[in-house]
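Asks: Just so it is clear, I am handing over run.cif, which has mmCIF, C-alpha atoms.
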data_my_file
#
loop_
_atom_site.label_atom_id
_atom_site.label_comp_id
_atom_site.auth_asym_id
_atom_site.auth_seq_id
_atom_site.Cartn_x
_atom_site.Cartn_y
_atom_site.Cartn_z
CA MET A 1 -11.76 -33.50 -29.23
CA ILE A 2 -14.42 -32.36 -26.76
CA THR A 3 -17.69 -32.56 -28.74
CA ARG A 4 -20.12 -34.43 -26.51
CA ALA A 5 -23.13 -32.20 -25.74
CA LEU A 6 -24.87 -31.96 -22.36
CA GLU A 7 -27.83 -33.96 -23.52
CA LYS A 8 -25.62 -36.90 -24.47
CA TYR A 9 -24.94 -38.00 -20.91
CA LYS A 10 -27.01 -38.56 -17.78
CA VAL A 11 -26.54 -37.34 -14.21
CA SER A 12 -26.98 -39.62 -11.21
CA THR A 13 -25.80 -39.87 -7.60
CA THR A 14 -23.59 -42.35 -5.76
CA SER A 15 -23.53 -43.71 -2.24
CA GLN A 16 -19.73 -43.49 -2.21
CA SER A 17 -18.08 -40.64 -0.33
CA VAL A 18 -16.62 -38.40 -3.01
CA THR A 19 -14.54 -35.27 -2.41
CA SER A 20 -13.57 -32.35 -4.62
CA TYR A 21 -10.83 -31.25 -2.18
CA ALA A 22 -8.64 -34.32 -1.81
CA GLY A 23 -5.48 -32.16 -1.50
CA LEU A 24 -6.75 -29.98 1.33
CA PRO A 25 -5.77 -32.45 4.12
CA LEU A 26 -2.11 -31.92 3.14
CA PHE A 27 -2.33 -28.29 4.29
CA LEU A 28 -4.11 -29.24 7.51
CA GLY A 29 -1.32 -31.76 8.07
CA MET A 30 1.29 -29.04 7.58
CA ALA A 31 -0.53 -26.78 10.06
CA LYS A 32 -0.44 -29.55 12.65
CA SER A 33 3.21 -30.36 11.91
CA LEU A 34 4.07 -26.72 12.60
CA GLY A 35 2.52 -27.08 16.06
CA LEU A 36 -0.39 -24.73 15.41
CA GLU A 37 -3.14 -26.83 16.98
CA GLU A 38 -1.86 -26.62 20.54
CA ARG A 39 -0.96 -22.92 20.34
CA LEU A 40 -4.25 -21.88 18.75
CA ASN A 41 -6.22 -23.74 21.39
CA ARG A 42 -4.54 -21.56 24.02
CA LEU A 43 -5.88 -18.33 22.53
CA PRO A 44 -7.77 -16.24 25.11
CA VAL A 45 -11.10 -16.52 23.30
CA LYS A 46 -14.29 -17.62 24.99
CA VAL A 47 -15.88 -20.69 23.41
CA ARG A 48 -18.96 -22.70 24.23
CA GLU A 49 -18.34 -25.77 26.37
CA ARG A 50 -19.65 -28.10 23.67
CA GLY A 51 -18.60 -25.97 20.72
CA TYR A 52 -15.62 -26.14 18.41
CA ARG A 53 -12.22 -25.47 19.95
CA PRO A 54 -10.33 -22.43 18.57
CA ALA A 55 -7.94 -24.53 16.47
CA GLU A 56 -10.84 -26.41 14.86
CA THR A 57 -12.57 -23.19 13.83
CA ILE A 58 -9.39 -21.49 12.64
CA PHE A 59 -8.24 -24.57 10.69
CA SER A 60 -11.68 -24.68 9.04
CA LEU A 61 -11.42 -21.02 8.04
CA MET A 62 -7.86 -21.52 6.79
CA GLY A 63 -9.04 -24.48 4.71
CA LEU A 64 -11.85 -22.38 3.29
CA LEU A 65 -9.41 -19.66 2.21
CA GLN A 66 -6.85 -22.11 0.83
CA SER A 67 -9.50 -23.91 -1.21
CA GLY A 68 -10.78 -20.68 -2.79
CA GLY A 69 -13.71 -19.64 -0.61
CA VAL A 70 -14.42 -15.91 -0.66
CA ALA A 71 -17.16 -15.64 1.97
CA LEU A 72 -18.06 -17.41 5.22
CA ASP A 73 -21.16 -18.79 3.52
CA ASP A 74 -18.83 -20.88 1.35
CA MET A 75 -18.28 -23.04 4.43
CA GLU A 76 -21.35 -24.91 3.18
CA LEU A 77 -19.28 -26.16 0.23
CA LEU A 78 -16.84 -27.85 2.61
CA ASN A 79 -19.59 -29.21 4.84
CA GLY A 80 -21.46 -30.48 1.80
CA ASP A 81 -18.43 -32.44 0.65
CA GLU A 82 -19.10 -35.88 2.12
CA GLY A 83 -15.66 -37.25 1.29
CA LEU A 84 -13.89 -34.28 2.91
CA ARG A 85 -15.99 -34.71 6.04
CA ALA A 86 -14.97 -38.38 6.13
CA LEU A 87 -11.31 -37.30 5.99
CA LEU A 88 -11.37 -34.31 8.34
CA GLY A 89 -14.66 -34.30 10.23
CA THR A 90 -17.45 -31.73 10.21
CA PHE A 91 -16.86 -28.04 9.65
CA PRO A 92 -18.50 -25.24 11.65
CA ALA A 93 -21.35 -23.35 10.01
CA ALA A 94 -20.82 -19.85 8.63
CA ASN A 95 -22.61 -18.13 11.54
CA THR A 96 -20.51 -20.15 14.02
CA VAL A 97 -17.31 -18.85 12.40
CA GLY A 98 -18.71 -15.30 12.34
CA ASN A 99 -19.59 -15.44 16.04
CA PHE A 100 -16.13 -16.82 16.80
CA LEU A 101 -14.46 -13.90 15.00
CA ARG A 102 -16.59 -11.38 16.88
CA ARG A 103 -15.36 -12.75 20.23
CA PHE A 104 -11.79 -11.59 19.57
CA GLU A 105 -10.45 -8.77 21.73
CA ASN A 106 -7.11 -7.00 21.46
CA SER A 107 -5.21 -9.50 23.62
CA ALA A 108 -6.34 -12.47 21.51
CA ILE A 109 -5.61 -10.62 18.25
CA HIS A 110 -2.12 -9.76 19.47
CA ARG A 111 -1.47 -13.38 20.49
CA LEU A 112 -2.77 -14.63 17.14
CA GLY A 113 -0.37 -12.26 15.38
CA GLN A 114 2.48 -13.55 17.52
CA ILE A 115 1.59 -17.15 16.59
CA GLN A 116 1.65 -16.13 12.91
CA LEU A 117 5.11 -14.55 13.32
CA GLU A 118 6.52 -17.51 15.28
CA THR A 119 5.20 -19.92 12.64
CA ALA A 120 6.77 -17.95 9.80
CA VAL A 121 10.15 -17.87 11.58
CA LYS A 122 9.89 -21.63 12.21
CA VAL A 123 9.36 -22.18 8.46
CA ILE A 124 12.42 -20.02 7.67
CA ARG A 125 14.59 -21.97 10.10
CA THR A 126 13.26 -25.34 8.92
CA ALA A 127 14.01 -24.34 5.32
CA GLY A 128 17.62 -23.82 6.41
CA LEU A 129 17.83 -20.13 5.50
CA LYS A 130 20.67 -18.36 7.30
CA SER A 131 19.81 -14.93 5.90
CA VAL A 132 16.66 -13.47 4.36
CA VAL A 133 15.32 -10.36 2.71
CA VAL A 134 12.34 -8.88 4.54
CA ASP A 135 9.96 -6.55 2.71
CA VAL A 136 7.59 -4.04 4.27
CA ASP A 137 4.57 -2.78 2.33
CA SER A 138 1.19 -1.28 3.10
CA PHE A 139 -1.77 -1.96 0.85
CA PHE A 140 -5.41 -0.89 0.65
CA ILE A 141 -8.49 -3.10 0.84
CA GLU A 142 -11.59 -1.37 -0.47
CA SER A 143 -14.74 -2.15 1.51
CA GLN A 144 -18.19 -0.72 2.12
CA LYS A 145 -18.49 -2.10 5.65
CA SER A 146 -20.15 0.33 8.05
CA ASN A 147 -16.95 0.82 10.07
CA ALA A 148 -14.73 1.34 7.01
CA VAL A 149 -13.40 4.89 6.58
CA LYS A 150 -11.99 6.93 3.70
CA ASN A 151 -8.32 7.48 3.00
CA TYR A 152 -6.76 10.61 1.51
CA GLU A 153 -7.78 9.42 -1.99
CA GLU A 154 -11.44 9.25 -0.85
CA LYS A 155 -11.42 5.45 -1.10
CA THR A 156 -13.34 3.61 1.64
CA GLY A 157 -11.83 0.58 3.30
CA TYR A 158 -8.85 -0.55 5.38
CA ASN A 159 -5.09 0.05 5.18
CA PRO A 160 -3.15 -2.97 6.53
CA VAL A 161 0.63 -3.31 6.48
CA ALA A 162 2.47 -6.62 6.05
CA VAL A 163 6.05 -7.84 6.47
CA THR A 164 7.07 -10.53 3.96
CA CYS A 165 9.94 -13.00 3.57
CA ALA A 166 11.06 -12.45 -0.03
CA GLU A 167 12.85 -15.80 -0.49
CA LEU A 168 9.75 -17.84 0.43
CA LYS A 169 7.19 -15.26 -0.71
CA MET A 170 5.55 -15.74 2.67
CA PRO A 171 3.90 -13.23 5.03
CA MET A 172 5.60 -13.00 8.40
CA ALA A 173 3.54 -10.46 10.32
CA GLY A 174 0.99 -7.76 9.72
CA LEU A 175 -1.26 -5.15 11.25
CA PHE A 176 -4.85 -4.47 10.26
CA ARG A 177 -5.44 -0.72 10.29
CA PRO A 178 -8.38 1.59 9.47
CA GLY A 179 -8.50 3.15 6.03
CA ASN A 180 -7.50 6.58 7.26
CA ALA A 181 -4.41 5.32 9.10
CA SER A 182 -1.11 6.81 8.00
CA ALA A 183 0.98 4.40 5.93
CA MET A 184 3.74 5.01 8.50
CA ALA A 185 1.64 4.10 11.56
CA ASN A 186 3.00 1.28 13.78
CA VAL A 187 5.63 0.19 11.22
CA ALA A 188 8.56 0.64 13.63
CA GLY A 189 6.93 -1.48 16.34
CA LEU A 190 5.96 -4.20 13.84
CA LEU A 191 9.50 -4.40 12.45
CA ASP A 192 10.96 -4.51 15.95
CA ARG A 193 8.82 -7.57 16.77
CA VAL A 194 9.82 -9.30 13.53
CA LEU A 195 13.54 -8.69 13.99
CA GLU A 196 13.38 -9.76 17.64
CA ALA A 197 11.87 -13.09 16.55
CA MET A 198 14.58 -13.59 13.91
CA LYS A 199 17.63 -13.52 16.15
CA GLY A 200 20.47 -15.52 14.62
CA ILE A 201 19.23 -14.95 11.06
CA GLY A 202 20.86 -12.31 8.86
CA VAL A 203 18.28 -9.77 7.69
CA ARG A 204 18.16 -7.16 4.96
CA VAL A 205 15.03 -5.00 5.01
CA ARG A 206 13.38 -3.27 2.06
CA SER A 207 10.54 -0.85 2.64
CA ASP A 208 8.35 1.51 0.68
CA SER A 209 8.01 5.08 1.93
CA ALA A 210 5.98 3.85 4.93
CA GLY A 211 9.34 3.01 6.50
CA PHE A 212 10.84 6.45 5.84
CA GLN A 213 10.86 7.63 9.44
CA ALA A 214 13.45 8.06 12.15
CA GLY A 215 11.74 5.45 14.39
CA VAL A 216 12.09 2.72 11.75
CA VAL A 217 15.74 3.54 11.04
CA ARG A 218 16.41 3.57 14.80
CA VAL A 219 14.95 0.05 15.13
CA LEU A 220 16.84 -1.29 12.11
CA ARG A 221 20.18 0.01 13.34
CA ALA A 222 19.58 -1.28 16.86
CA ARG A 223 18.78 -4.74 15.48
CA GLY A 224 21.78 -4.77 13.13
CA ALA A 225 19.68 -4.99 9.96
CA ARG A 226 20.84 -3.64 6.61
CA PHE A 227 18.17 -1.76 4.70
CA THR A 228 16.90 0.19 1.71
CA ILE A 229 13.92 2.52 2.15
CA THR A 230 12.08 4.63 -0.43
CA ALA A 231 12.48 8.28 0.56
CA ARG A 232 9.47 10.54 0.81
CA LYS A 233 10.05 13.67 -1.26
CA ASP A 234 9.60 16.08 1.62
CA ALA A 235 11.33 19.47 1.80
CA ALA A 236 14.48 18.08 3.45
CA VAL A 237 14.89 15.37 0.78
CA ILE A 238 14.31 17.79 -2.09
CA ASP A 239 16.79 20.27 -0.61
CA ALA A 240 19.41 17.51 -0.31
CA ILE A 241 18.81 16.43 -3.91
CA ARG A 242 19.04 19.97 -5.26
CA GLY A 243 22.31 20.36 -3.39
CA ILE A 244 23.94 17.66 -5.55
CA LYS A 245 26.48 19.28 -7.87
CA PRO A 246 25.80 18.94 -11.64
CA ALA A 247 29.11 17.14 -12.17
CA CYS A 248 28.03 14.35 -9.78
CA TRP A 249 25.19 13.16 -12.02
CA ARG A 250 25.95 10.32 -14.46
CA THR A 251 23.91 8.34 -16.95
CA TYR A 252 21.98 5.41 -15.50
CA LYS A 253 20.43 2.55 -17.45
CA GLY A 254 18.13 0.47 -15.30
CA GLY A 255 15.34 -1.95 -16.12
CA ALA A 256 12.75 -0.04 -14.11
CA TRP A 257 13.05 3.11 -16.25
CA GLU A 258 13.63 1.66 -19.70
CA ASN A 259 11.72 4.37 -21.58
CA ARG A 260 13.37 7.30 -19.81
CA GLU A 261 16.77 8.87 -19.97
CA THR A 262 17.79 8.75 -16.34
CA GLU A 263 20.74 9.93 -14.30
CA ILE A 264 22.03 8.71 -10.96
CA ALA A 265 23.83 10.43 -8.09
CA GLN A 266 24.15 10.13 -4.34
CA THR A 267 24.13 12.40 -1.33
CA ILE A 268 23.49 12.29 2.43
CA HIS A 269 20.14 12.47 4.22
CA ALA A 270 19.54 13.14 7.92
CA PHE A 271 16.21 12.92 9.78
CA GLY A 272 17.20 15.57 12.30
CA ALA A 273 17.01 13.23 15.30
CA ASP A 274 20.12 13.36 17.47
CA ASP A 275 20.26 9.57 17.93
CA VAL A 276 19.79 8.70 14.23
CA GLU A 277 22.84 8.98 12.00
CA ALA A 278 22.76 10.49 8.53
CA HIS A 279 22.53 7.91 5.76
CA ARG A 280 23.55 7.55 2.15
CA MET A 281 20.80 8.47 -0.31
CA ILE A 282 20.80 7.18 -3.89
CA VAL A 283 18.86 9.41 -6.31
CA ILE A 284 17.52 8.86 -9.82
CA ARG A 285 16.26 11.79 -11.89
CA TRP A 286 14.61 12.21 -15.28
CA LYS A 287 13.21 15.20 -17.16
CA LYS A 288 9.53 15.96 -16.67
CA THR A 289 7.33 15.38 -19.68
CA ASN A 290 4.81 17.96 -18.48
CA PRO A 291 6.54 20.64 -16.39
CA GLU A 292 4.34 22.23 -13.74
CA LEU A 293 3.56 25.94 -13.97
CA LEU A 294 4.65 26.86 -10.43
CA ASP A 295 7.44 24.31 -10.11
CA THR A 296 10.53 25.40 -12.00
CA ASP A 297 12.46 22.18 -11.32
CA PRO A 298 12.76 20.40 -14.69
CA TYR A 299 13.26 16.96 -13.10
CA ASP A 300 11.30 14.24 -11.31
CA TYR A 301 13.15 12.20 -8.70
CA HIS A 302 13.16 8.80 -7.02
CA ALA A 303 15.35 8.37 -3.95
CA VAL A 304 16.35 5.50 -1.66
CA ILE A 305 18.19 5.74 1.67
CA THR A 306 20.42 2.84 2.69
CA ASN A 307 23.19 1.62 4.96
CA LEU A 308 24.49 -0.77 2.27
CA ASP A 309 27.60 1.38 2.06
CA ASP A 310 29.70 -1.32 0.37
CA TRP A 311 27.28 -1.56 -2.58
CA SER A 312 27.29 0.61 -5.67
CA GLY A 313 24.32 2.91 -6.22
CA GLU A 314 23.20 0.77 -9.16
CA MET A 315 23.25 -2.39 -7.04
CA VAL A 316 21.23 -0.67 -4.29
CA LEU A 317 18.55 0.42 -6.75
CA GLN A 318 18.35 -2.98 -8.43
CA PHE A 319 18.03 -4.71 -5.06
CA HIS A 320 15.38 -2.26 -3.90
CA ARG A 321 13.32 -2.51 -7.09
CA THR A 322 13.02 -6.31 -6.82
CA ARG A 323 10.86 -5.67 -3.75
CA GLN A 324 7.96 -5.95 -6.20
CA ASP A 325 8.64 -9.69 -6.51
CA GLY A 326 8.32 -10.07 -2.74
CA SER A 327 5.85 -8.05 -0.75
CA GLU A 328 3.80 -6.55 -3.56
CA ASN A 329 3.11 -9.92 -5.18
CA VAL A 330 2.31 -11.53 -1.82
CA ASN A 331 -0.10 -8.70 -1.01
CA LYS A 332 -1.79 -9.25 -4.36
CA GLU A 333 -2.07 -12.94 -3.50
CA LEU A 334 -3.58 -12.12 -0.11
CA LYS A 335 -6.19 -9.89 -1.69
CA GLY A 336 -6.93 -11.85 -4.85
CA GLY A 337 -6.07 -15.42 -3.93
CA ILE A 338 -6.65 -15.89 -0.22
CA GLY A 339 -9.87 -14.00 0.47
CA LEU A 340 -8.86 -10.60 1.87
CA SER A 341 -10.69 -8.74 -0.88
CA LYS A 342 -13.97 -9.49 0.93
CA LEU A 343 -13.97 -9.00 4.70
CA PRO A 344 -16.63 -10.91 6.67
CA CYS A 345 -17.66 -8.62 9.55
CA ARG A 346 -18.69 -5.07 10.42
CA LYS A 347 -16.59 -5.13 13.58
CA MET A 348 -13.00 -3.90 13.33
CA LYS A 349 -11.61 -6.41 15.83
CA ALA A 350 -13.33 -9.31 14.07
CA ASN A 351 -11.81 -8.27 10.74
CA SER A 352 -8.43 -7.87 12.45
CA ALA A 353 -8.64 -11.48 13.63
CA TYR A 354 -9.73 -12.59 10.15
CA PHE A 355 -6.72 -10.75 8.67
CA GLN A 356 -4.31 -12.63 10.95
CA MET A 357 -5.97 -15.95 10.07
CA ALA A 358 -5.62 -15.14 6.36
CA LEU A 359 -1.90 -14.48 6.91
CA LEU A 360 -1.64 -17.79 8.75
CA ALA A 361 -3.48 -19.63 5.95
CA TYR A 362 -1.03 -18.25 3.40
CA THR A 363 1.97 -19.00 5.61
CA VAL A 364 0.90 -22.66 5.88
CA PHE A 365 0.42 -22.69 2.11
CA ALA A 366 3.96 -21.30 1.60
CA ALA A 367 5.36 -23.80 4.11
CA THR A 368 3.75 -26.66 2.20
CA LYS A 369 5.24 -25.43 -1.08
CA HIS A 370 8.76 -25.01 0.22
CA LEU A 371 9.01 -27.84 2.75
CA ALA A 372 6.91 -30.60 1.18
CA LEU A 373 6.44 -30.05 -2.55
CA PRO A 374 9.05 -30.18 -5.36
CA LYS A 375 11.38 -27.19 -5.68
CA SER A 376 9.80 -26.28 -9.02
CA TRP A 377 6.52 -25.57 -7.18
CA GLY A 378 8.10 -22.83 -5.06
CA SER A 379 7.18 -19.99 -7.43
CA LEU A 380 3.59 -21.14 -8.10
CA THR A 381 0.65 -18.96 -7.09
CA ILE A 382 -2.06 -20.28 -4.84
CA ASP A 383 -4.50 -20.41 -7.79
CA THR A 384 -2.13 -22.74 -9.65
CA VAL A 385 -1.57 -24.99 -6.63
CA ARG A 386 -5.31 -24.98 -6.04
CA SER A 387 -6.04 -26.29 -9.54
CA ARG A 388 -3.19 -28.83 -9.44
CA LEU A 389 -3.46 -30.13 -5.91
CA ILE A 390 -6.16 -28.78 -3.59
CA ARG A 391 -9.21 -29.16 -5.83
CA LEU A 392 -8.48 -32.79 -6.53
CA ALA A 393 -11.23 -35.37 -6.97
CA GLY A 394 -11.08 -38.49 -4.84
CA VAL A 395 -13.17 -41.31 -3.41
CA VAL A 396 -13.07 -41.94 0.34
CA ALA A 397 -13.73 -45.41 1.74
CA LYS A 398 -13.39 -47.02 5.17
CA ARG A 399 -11.92 -50.47 5.29
CA ALA A 400 -9.94 -52.51 7.84
CA ARG A 401 -9.91 -49.68 10.39
CA TYR A 402 -8.33 -47.32 7.86
CA VAL A 403 -9.73 -44.44 5.84
CA TRP A 404 -8.70 -44.82 2.21
CA LEU A 405 -8.42 -41.90 -0.19
CA LYS A 406 -8.58 -43.13 -3.77
CA ILE A 407 -7.18 -40.87 -6.50
CA GLY A 408 -7.29 -41.55 -10.25
CA LYS A 409 -4.29 -43.40 -11.67
CA ALA A 410 -3.95 -40.86 -14.46
CA TYR A 411 -3.59 -37.90 -12.07
CA PRO A 412 -0.32 -36.28 -13.30
CA TYR A 413 0.87 -35.14 -9.87
CA LEU A 414 0.19 -38.36 -7.97
CA ARG A 415 3.88 -38.79 -7.07
CA CYS A 416 4.07 -35.18 -5.83
CA PHE A 417 0.99 -35.77 -3.69
CA GLU A 418 2.31 -38.96 -2.09
CA ASP A 419 5.82 -37.57 -1.55
CA ALA A 420 4.38 -34.43 0.06
CA ARG A 421 2.24 -36.52 2.40
CA TRP A 422 5.25 -38.45 3.68
CA ARG A 423 7.37 -35.30 3.98
CA ILE A 424 4.70 -33.68 6.13
CA ILE A 425 4.45 -36.78 8.33
CA GLY A 426 8.24 -36.79 8.68
CA LEU A 427 8.24 -33.06 9.44
CA SER A 428 5.72 -33.67 12.22
CA VAL A 429 8.11 -36.17 13.85
CA GLU A 430 11.07 -33.82 13.32
CA MET A 431 9.24 -30.91 14.96
CA ALA A 432 8.15 -33.07 17.89
CA THR A 433 11.64 -34.43 18.57
CA GLY A 434 13.26 -31.04 17.90
#
Have the structure of the file written as structure tokens, please.
Replies:
Amino acid sequence: MITRALEKYKVSTTSQSVTSYAGLPLFLGMAKSLGLEERLNRLPVKVRERGYRPAETIFSLMGLLQSGGVALDDMELLNGDEGLRALLGTFPAANTVGNFLRRFENSAIHRLGQIQLETAVKVIRTAGLKSVVVDVDSFFIESQKSNAVKNYEEKTGYNPVAVTCAELKMPMAGLFRPGNASAMANVAGLLDRVLEAMKGIGVRVRSDSAGFQAGVVRVLRARGARFTITARKDAAVIDAIRGIKPACWRTYKGGAWENRETEIAQTIHAFGADDVEAHRMIVIRWKKTNPELLDTDPYDYHAVITNLDDWSGEMVLQFHRTRQDGSENVNKELKGGIGLSKLPCRKMKANSAYFQMALLAYTVFAATKHLALPKSWGSLTIDTVRSRLIRLAGVVAKRARYVWLKIGKAYPYLRCFEDARWRIIGLSVEMATG
């Protein structure tokens, strides 16, 4: 039982190099195994002749985010960790990282995003996945930065969109957009880049209503992707729904609407563009609890368009609803677990670069889970992995030309740690020879 009071023990210091982040080098090792160092150093960003190279600064920021830092000032915690410095070297100061972010222009941000996408695809291929489910979702980051703007709900901040691999719960690509940007802005172009990079891999795409546009459907069909997209309830959609004959509706029991009596039917939806075919639309309806005065329709609706024509309507809806386990949970992790809830700069381009680095930090984290750690760790959040593995106490010593990391014998995940280290080393050789 824990009963010893604070006054019952004494505090002293030690000359030994001690670290509180003994697991962090594993994630740096994964980043290097994925070939990130060389590619990041080729970013078109001006650096001082005697300063840190781009990869050093970005790896430091990624380590900060993976270890739980929420602000650039938290870089002092890493620099103040003598054992971590003995393992990895010195870290740049907070103002150095801030100045580095402010040097990013559009070309460097675009290249950084491409590196993020290429890395995610490399992880998918290395994991041996022949087909994947890709989720598209926009989310809002509230901020009071001077360049943040209000959205239609009068919230101030930014409105990024991210594409996620559902199987690995890993971000693949994203765009950092101002708060007043339409949820539909740039989604077609982003998806086109993702699908281009995934040639040879079967893809099914799920999207919220941000993807409900002719341009997105045009891209998906051209790339041979199967899809489900939440339909916006515009006039054309409502007219199509109201055109469904009463006899076509049947009772539907689905997990997402457990407390409602729902009915399901299907119809056809067309965007009106000559080069975009009409698609099947699955519709759920339920009676309104509070009918509106000017709206005589007694039902509320939820609709999904799809080209999964060999699936039943129930299967389409179930597949589409599980999108919450993919993109929405990853976006929550990005905001709450990886540092996107607090943006570092007042400059839009600097925050755009920071956003891409946060995606990269989470991608390396996901790669470590799925390629190096036990299978049972695959569903763990970053907070759980942080407490089990990253924030691990250790003693660092130099002896016989080697750096030794000493971890307590009673550490319950010692075997996982050592196995992961050798898997990452082996992956580095595999990537180099491949």
Asks: Using only C-alpha atoms, pick whichever of A:Gln266, A:Thr14, A:Ser138, A:Thr228 has the shortest atom-to-atom distance to Thr322 in chain A.
Replies: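 Under the stated criterion, the closest residue is A:Thr228.
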Asks: When you count all atoms listed in the file, which of these residues is closest to Ala225 in chain A: A:Ala350, A:Val403, A:Val205, A:Ala270?
Replies: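 Of A:Ala350, A:Val403, A:Val205, A:Ala270, the one nearest Ala225 in chain A is A:Val205, counting all atoms listed in the file.
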Asks: Once the PyMOL selection byres ((chain A and resi 232) around 7) has been applied to the shown file, what residues remain in the selection, as a VMD selection string?
Replies: chain A and resid 209 212 230 to 231 233 to 234
Asks: Extract, using all atoms listed in the file, all DNA, RNA and protein residues at most 9 Å from Ile268 in chain A, discarding same-chain residues fewer than 3 positions from it, and format them as an NGL selection string.
Replies: :A and (240-241 or 278-282 or 305)
Asks: Atoms to include: C-alpha atoms. Write the selected residues as an mmCIF file, keeping the file's coordinate frame.
Replies:
data_model
loop_
_atom_site.group_PDB
_atom_site.id
_atom_site.type_symbol
_atom_site.label_atom_id
_atom_site.label_comp_id
_atom_site.auth_asym_id
_atom_site.auth_seq_id
_atom_site.Cartn_x
_atom_site.Cartn_y
_atom_site.Cartn_z
ATOM 1 C CA ALA A 240 19.410 17.510 -0.310
ATOM 2 C CA ILE A 241 18.810 16.430 -3.910
ATOM 3 C CA ALA A 278 22.760 10.490 8.530
ATOM 4 C CA HIS A 279 22.530 7.910 5.760
ATOM 5 C CA ARG A 280 23.550 7.550 2.150
ATOM 6 C CA MET A 281 20.800 8.470 -0.310
ATOM 7 C CA ILE A 282 20.800 7.180 -3.890
ATOM 8 C CA ILE A 305 18.190 5.740 1.670
#
Asks: Sorted by chain and rising residue number, which residues of range 293-388 of chain A lie within 9 Å of range 167-175 of chain A, and what are their closest atom pairs and distances in Å to one decimal, counting only C-alpha atoms, as CSV?
Replies:
residue,atom,partner,partner_atom,distance
A:Asp325,CA,A:Lys169,CA,8.2
A:Gly326,CA,A:Lys169,CA,5.7
A:Ser327,CA,A:Lys169,CA,7.3
A:Asn329,CA,A:Lys169,CA,8.1
A:Val330,CA,A:Lys169,CA,6.2
A:Asn331,CA,A:Pro171,CA,8.5
A:Ser352,CA,A:Leu175,CA,7.8
A:Phe355,CA,A:Leu175,CA,8.2
A:Gln356,CA,A:Gly174,CA,7.3
A:Leu359,CA,A:Pro171,CA,6.2
A:Leu360,CA,A:Pro171,CA,8.1
A:Tyr362,CA,A:Met170,CA,7.1
A:Thr363,CA,A:Met170,CA,5.7
A:Val364,CA,A:Met170,CA,8.9
A:Phe365,CA,A:Met170,CA,8.7
A:Ala366,CA,A:Met170,CA,5.9
A:Ala367,CA,A:Met170,CA,8.2
A:Lys369,CA,A:Leu168,CA,9.0
A:His370,CA,A:Leu168,CA,7.2
A:Gly378,CA,A:Leu168,CA,7.6
A:Ser379,CA,A:Lys169,CA,8.2
Asks: What do you get, as a VMD selection string, if you spell out every residue that the PyMOL selection byres ((chain A and resi 149) around 12) selects here?
Replies: chain A and resid 140 to 148 150 to 159 177 to 181 346 348
Asks: Write out as a list in words which residues come within 7 Å of Arg103 in chain A when counting only C-alpha atoms, dropping same-chain ones fewer than 4 positions away.
Replies: Val45, Lys46 and Asn99 of chain A
Asks: On this structure, the PyMOL selection byres ((chain A and resi 391) around 12) would catch which residues? List them as a PyMOL selection string, sorted by chain and number.
Replies: chain A and resi 19-26+63-64+66-69+78+81+84+382-390+392-394+407
Asks: In terms of the shortest atom-to-atom distance over only C-alpha atoms, which of A:Gly313, A:Val18, A:Asp137, A:Gly98 is closest to Gly80 in chain A?
Replies: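 Ranking A:Gly313, A:Val18, A:Asp137, A:Gly98 by distance to Gly80 in chain A, first place goes to A:Val18.
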Asks: Taking into account only C-alpha atoms, which residue in the set A:Thr262, A:Met30, A:Ser15, A:Val219 is nearest to Ala420 in chain A?
Replies: A:Met30
Asks: Would you please work out which residue, of A:Arg321, A:Ala93, A:Gly243, A:Val237, is nearest to Tyr301 in chain A when using all atoms listed in the file?
Replies: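 Ranked by minimum distance to Tyr301 in chain A, first place goes to A:Val237.
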Asks: For CA of Ala210 in chain A and CA of Asp239 in chain A, quote the distance in Å rounded to one decimal.
Replies: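 One can read the CA of Ala210 in chain A to CA of Asp239 in chain A distance as 20.4 Å.
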Asks: By how many Å are CA of Val283 in chain A and CA of Val304 in chain A apart?
Replies: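 Answer for the CA of Val283 in chain A to CA of Val304 in chain A separation: 6.6 Å.
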Asks: Show me, as a tab-separated table, the residues of range 198-250 of chain A having an atom within 6 Å of range 112-135 of chain A, each with the closest atom pair and its distance in Å, using only C-alpha atoms.
Replies:
residue	atom	partner	partner_atom	distance
A:Ile201	CA	A:Ser131	CA	5.2
A:Gly202	CA	A:Ser131	CA	4.1
A:Val203	CA	A:Val132	CA	5.2
A:Arg204	CA	A:Val133	CA	4.8
A:Val205	CA	A:Val134	CA	4.7
A:Arg206	CA	A:Asp135	CA	4.8
A:Ser207	CA	A:Asp135	CA	5.7
Asks: Leaving out Thr90 in chain A and any residue of its chain fewer than 2 positions from it, which residues lie within 12 Å of it when counting all atoms listed in the file, given as number ranges by chain?
Replies: A: 52, 56-57, 59-60, 75-88, 92-93
Asks: Could you state the separation of CA of Asn290 in chain A and CA of Glu261 in chain A in Å, given to one decimal place?
Replies: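 If I compute the distance from CA of Asn290 in chain A to CA of Glu261 in chain A, I get 15.1 Å.
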Asks: Measuring atom to atom with only C-alpha atoms, identify which of A:Ala214, A:Ala372, A:Val194, A:Ala94 is nearest to Pro344 in chain A.
Replies: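 Result for the nearest residue to Pro344 in chain A: A:Ala94.
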